[in-house]
Amino acid sequence: MQGQEGRYRPWGFGRHVSPEHPPGPAVPEHAKKRRLRRSPTSHREFDGKRRWGVRSVAGQVLLLELAIVVLLIVVAVVALVVQARRDGLRDARHRTTAAAESFANAPGLAQALETPDPGPVVQPSVTAAREASGIDILSVVDLGGAVYAAAAAGADRALPQQNLDPRIDEFVRTGTTSTITYSAGSGKVVVTIVPVRDATDRGVGLVSASVSVARVRDTANQQLPVVLGSGAAALALAGGGTALVTRRLRRQTRGLDPAEMTRMYEHHDAVLHAVREGVLIVGSDERLVLANDEARRLLDLPEDAEGRPVGELGLEPALADLLASEQPVTDEVHASGERLLAVNKRLTQPHGGPAGSVVTLRDSTELEELAGRAESTRQRLRLLYEAGVRIGTTLDVVRTAQELAEAAVPGFADHVAVDLIEQVLRGDEPSGIVGRLRRVACHGVDPDAPLYPPGFETVVDHETPAARRVAGGHVVLEPELGATWDWRSHDPDHALRLLEYGIHSLIAVPLRARGIVLGFASFWRGQTPEAFGEEDAAFAEELSARAAVSIDNARRYTREHAMAVTLQRSLLPRGLPEQDALDVAYRYLPAESGVGGDWFDVIPLSGARVALVVGDVVGHGLHAAATMGRLRTAVHNFSALDLSPDEILGRLDDLVTRTDQERTDTDEADDIGAMTGATCLYAIYDPTAGTLTAARAGHPGPMLLLPDGTVTTPDIPVAPPLGLGAGLPVETADLVLPETTGVVLFTDGLVEDRTRDIGTGLDLLHTTIRDSGPAATPEQLSADIVDALVPGHPTDDIALLIARTHRLAPEQVATWEVPADPAAVAPIRAACTRQLNAWGLDDIGFSTELILSELVTNAVRYGSAPIAVRLLQDHTLICEVSDASSTSPHLRRATATDEGGRGLLLVARYAQRWGTRYTPSGKIIWAEQAVHGPTDTGAEDTDALLDQWDDL
């Protein structure tokens, strides 16, 4: 333990008590600067006795505060003494426990006690620990009976080894920390004993720490001089501060005694609460000093108005400027909220008071009519503000028109109807000629009013002056409908029903945007007795102008949305191709806010294989749809080359990078139509082997529903989104799928939206697929997923593609190895003929022999061993010839003198399609034929071709 003495930190238990003596409560400055004029007799000089006498308020405050300070000091001293005596025993227990446990658990003590001679190591540490902890005695006993002690009296020594008490030995081996208290000659003593245990929890000794309660109390008593000194200093400071406060109080109260101050307060209270005229006192710093109850009511002042600048009280600007100025006024009328106030203002300085002003306010009941007009103006402004918030919340033309009608009822009109031109509803650009209109919104205080309902169509009669004015973009005001006949000519019966119902006033306002009339809004009053006036017509025109802008924005959005939907539907697959490897179902759901760039594809490949593709383009609108179409076309073109998924994604990445670079080079600074960031998942299923080869670029991976009902998410390496790959290779994953495995491909819009993160969405999709089970068809599974995951108003496009796998039966596949010998062509041809007979495909046997003869002959002549032939019986007959070379034949037209070059022409003539597919070991030349019968090529063409055929 000597080597670790520098690290040993014994716990201290001495309590340092520093009681705080808060100063006596200072007399606060009065929050209100009361400028009260006093009678001449009150301006008198006071002698020292009067100023500091007990009768004065200042003298009474001085004595009270000194008494409070002395009382606080006495209470603090008494509390310290009582607390020290009460807590002495508890502190002694804490101190001995901390010292004993700290030393018993000190690093190295257990090891030292197990040495043959622990004394030179343990005794110095015992002495140092006792001095640091402030206890009386600290001792250590090992299992040999040796004692190492340190006492406050200086008895630090190792006692000779003696026989160990069995009780001590038992405590060392099995005991825990124990604290006892006993009485001695000097008072109570507290002893704590702690066993010392080594790393294996075996007892090797004990540590004992003791301290007298009197020693602990002495520590607390040592604080009393400090407390008394602090109290004296606090008393001196409090006395000085009290004197300063009292001097200031004397100046503020002008040396008045309590009776005089009471009388002045009663007068002041009467002004504040009893006078029915508003009174304000404003200081020279433009802050409100005082306001009585009536002023607070008239101005609707906040609770904390006094002391704040008048410009921050929420007053009308003109009234606030008047209060802050030094200009006296008499009966000047100012608006304050719903009131008109007559204001009188006088300066206080000319009358001997401090700088400032006194303002009186009186509610002007004789100006009630003017106040009513101001209220009407205020309501109109509020209605315009609310209409600006409520109108145009969506990009729907009909909904925007309905919001206009709802905003004007009942605050302005009793009934509102909105009629729009047909072109506006379709999203087309208006021609400027107002002809046929359709009512799209009708709202009123009474739903049974005899107004035309929404959907009603009408033709504007340009023969009437009112119709011509509205069509020309002018407001038509009819204050008294019963006194005019112009508006009745279009439909007299309907006009009569309106008059009988009680409709008496009308404003017709054209909805104009960018100088073009989109329709018009009609405002009617029936239940409201006041007729429309010129001010109402101006307000209706302003309200309609704001709504017209929102309607035009919705119209333009409708046009773009319709164009985008049309474009996207023309670019997405319109049906599924014919193939037998997969049962496929799909769903495509566009976003509610606009068309996006999600797409999917099912592409038949050679060898009965099928490619499944799902992709997502960043953004929405026309450009996203056009970008999706470009990527989908590129995927089809690359798939026609029979490339692997990683090669296709790599070429797509290069295409996106090059395309966006070209846009940058042409100084197109915006990001509209950018392709970078698009994602794609490309997978190829081979029914002959039951394998799925997949690669993805920034796209969510598929989920698999196995035949036993298990749902898994295969680990498919993910590459960066298209355009961000920087030429890095794309990795693929090869999966072997049992037959009838369900493959679920989707875009992120299915699993992620504003209310659900992608992790929660994936968990929900996993659960939905598992609950549907392997018995569900792809169509049923698609419906279950859409019902469970698609929200009512999707914010992003959703593409979902589900496929169930099938395998070709072994009897549907025939394979032969071909020696590299031209003589092997005839036996292979014969074997293939026998296989076709077994499959019942005799009607295409002749064309198949021609195709196989050409392909096998080319492989023997120009290819490399090994050579193999494979026939696949699917919805088509597929002939494949593979060899180890990478050279590919090309179709060309042979001249009359050429000896060869005509065989591939036969292949192209008889096959529906043919091509070359490269593999890691070479290439495969394949050709597909329809199984329903041979292609009718014409007898003459066949004979001409056979004349050029060099049969082997």
# chains A, B, ... in the order shown; residues from 1 in each chain; ligands from 1
>>> residues_around(residues="Val881 (chain A)", least_positions_apart="6", cutoff="12 Å", atoms="only C-alpha atoms", output="VMD selection string")
chain A and resid 607 814 to 818 825 828 851 to 860 863 to 872 888 914 to 918 922 to 927
>>> residues_around(residues="Val617 (chain A)", least_positions_apart="6", cutoff="12 Å", atoms="only C-alpha atoms", output="short mmCIF file (atom, residue, chain, number, x, y, z; two decimals) with C-alpha atoms, in the first residue's frame")
data_model
loop_
_atom_site.label_atom_id
_atom_site.label_comp_id
_atom_site.auth_asym_id
_atom_site.auth_seq_id
_atom_site.Cartn_x
_atom_site.Cartn_y
_atom_site.Cartn_z
CA VAL A 595 -48.19 11.81 -60.93
CA GLY A 596 -44.81 10.40 -60.00
CA GLY A 597 -42.21 8.25 -61.68
CA ASP A 598 -42.78 4.76 -60.28
CA TRP A 599 -42.90 1.96 -62.84
CA PHE A 600 -42.77 -1.81 -63.20
CA HIS A 623 -40.92 15.53 -66.05
CA ALA A 624 -40.97 12.60 -63.65
CA ALA A 625 -43.29 10.68 -65.98
CA ALA A 626 -41.11 11.47 -69.00
CA THR A 627 -37.97 10.40 -67.13
CA MET A 628 -39.69 7.17 -66.13
CA GLY A 629 -40.52 6.49 -69.79
CA ARG A 630 -36.91 7.01 -70.82
CA LEU A 631 -35.61 4.64 -68.17
CA ARG A 632 -38.24 2.01 -68.97
CA VAL A 656 -28.27 8.51 -66.24
CA ILE A 672 -36.43 19.68 -63.41
CA GLY A 673 -36.36 16.33 -65.13
CA ALA A 674 -33.06 15.22 -63.58
CA MET A 675 -32.60 11.46 -63.65
CA THR A 676 -29.96 11.18 -60.92
CA GLY A 677 -31.30 9.53 -57.79
CA ALA A 678 -33.68 7.13 -59.55
CA THR A 679 -33.79 3.62 -58.08
CA CYS A 680 -34.31 0.24 -59.74
CA ALA A 697 -29.61 0.26 -57.17
CA GLY A 698 -30.91 2.17 -54.16
CA HIS A 699 -34.23 0.32 -54.23
CA PRO A 721 -29.05 5.05 -56.84
CA LEU A 722 -28.68 5.50 -60.58
CA GLY A 723 -26.33 8.30 -61.50
CA THR A 747 -41.59 0.91 -54.41
CA ASP A 748 -41.01 2.92 -51.24
CA GLY A 749 -44.39 4.66 -51.53
CA ASP A 796 -46.33 9.15 -53.26
CA ASP A 797 -46.76 6.80 -56.20
CA ILE A 798 -47.11 3.11 -55.37
CA ALA A 799 -46.02 0.28 -57.67
#
>>> select_by_dssp(residues="region 373-463 of chain A", states="helix (DSSP H, G or I)", output="number ranges by chain")
A: 373-390, 397-408, 422-426
>>> closest_residue(among="A:Leu235, A:Leu652, A:Ile73, A:Val584", to="His806 (chain A)", atoms="only C-alpha atoms")
A:Val584
>>> select_by_dssp(residues="region 649-875 of chain A", states="strand (DSSP E)", output="ChimeraX atom specification")
/A:679-686,691-697,703-705,711-712,718-719,733-736,742-746,798-805,813-818,867-873
>>> residues_around(residues="Val610 (chain A)", least_positions_apart="6", cutoff="8 Å", atoms="only C-alpha atoms", output="list in words")
Gln579, Ala581, Leu582, Val602, Ile603, Pro604, Ile684, Tyr685 and Asp686 of chain A
>>> atom_distance(atom1="CA of Thr805 (chain A)", atom2="CA of Thr740 (chain A)")
4.8 Å
>>> atom_distance(atom1="CA of Thr833 (chain A)", atom2="CA of Leu905 (chain A)")
21.5 Å
>>> atom_distance(atom1="CA of Ala128 (chain A)", atom2="CA of Leu143 (chain A)")
22.5 Å
>>> residues_around(residues="region 488-503 of chain A", least_positions_apart="3", cutoff="9 Å", atoms="only C-alpha atoms", output="list in words")
Ala449, Pro450, Leu451, Tyr452, Val460, Asp461, Thr464, Leu481, Gly482, Thr484, Trp485, Leu506, Trp524, Arg525, Gly526 and Gln527 of chain A
>>> closest_residue(among="A:Ala783, A:Ser102, A:Glu286, A:Glu332", to="Ala320 (chain A)", atoms="only C-alpha atoms")
A:Glu286
>>> residues_around(residues="region 700-712 of chain A", least_positions_apart="5", cutoff="8 Å", atoms="only C-alpha atoms", output="count of residues only")
17
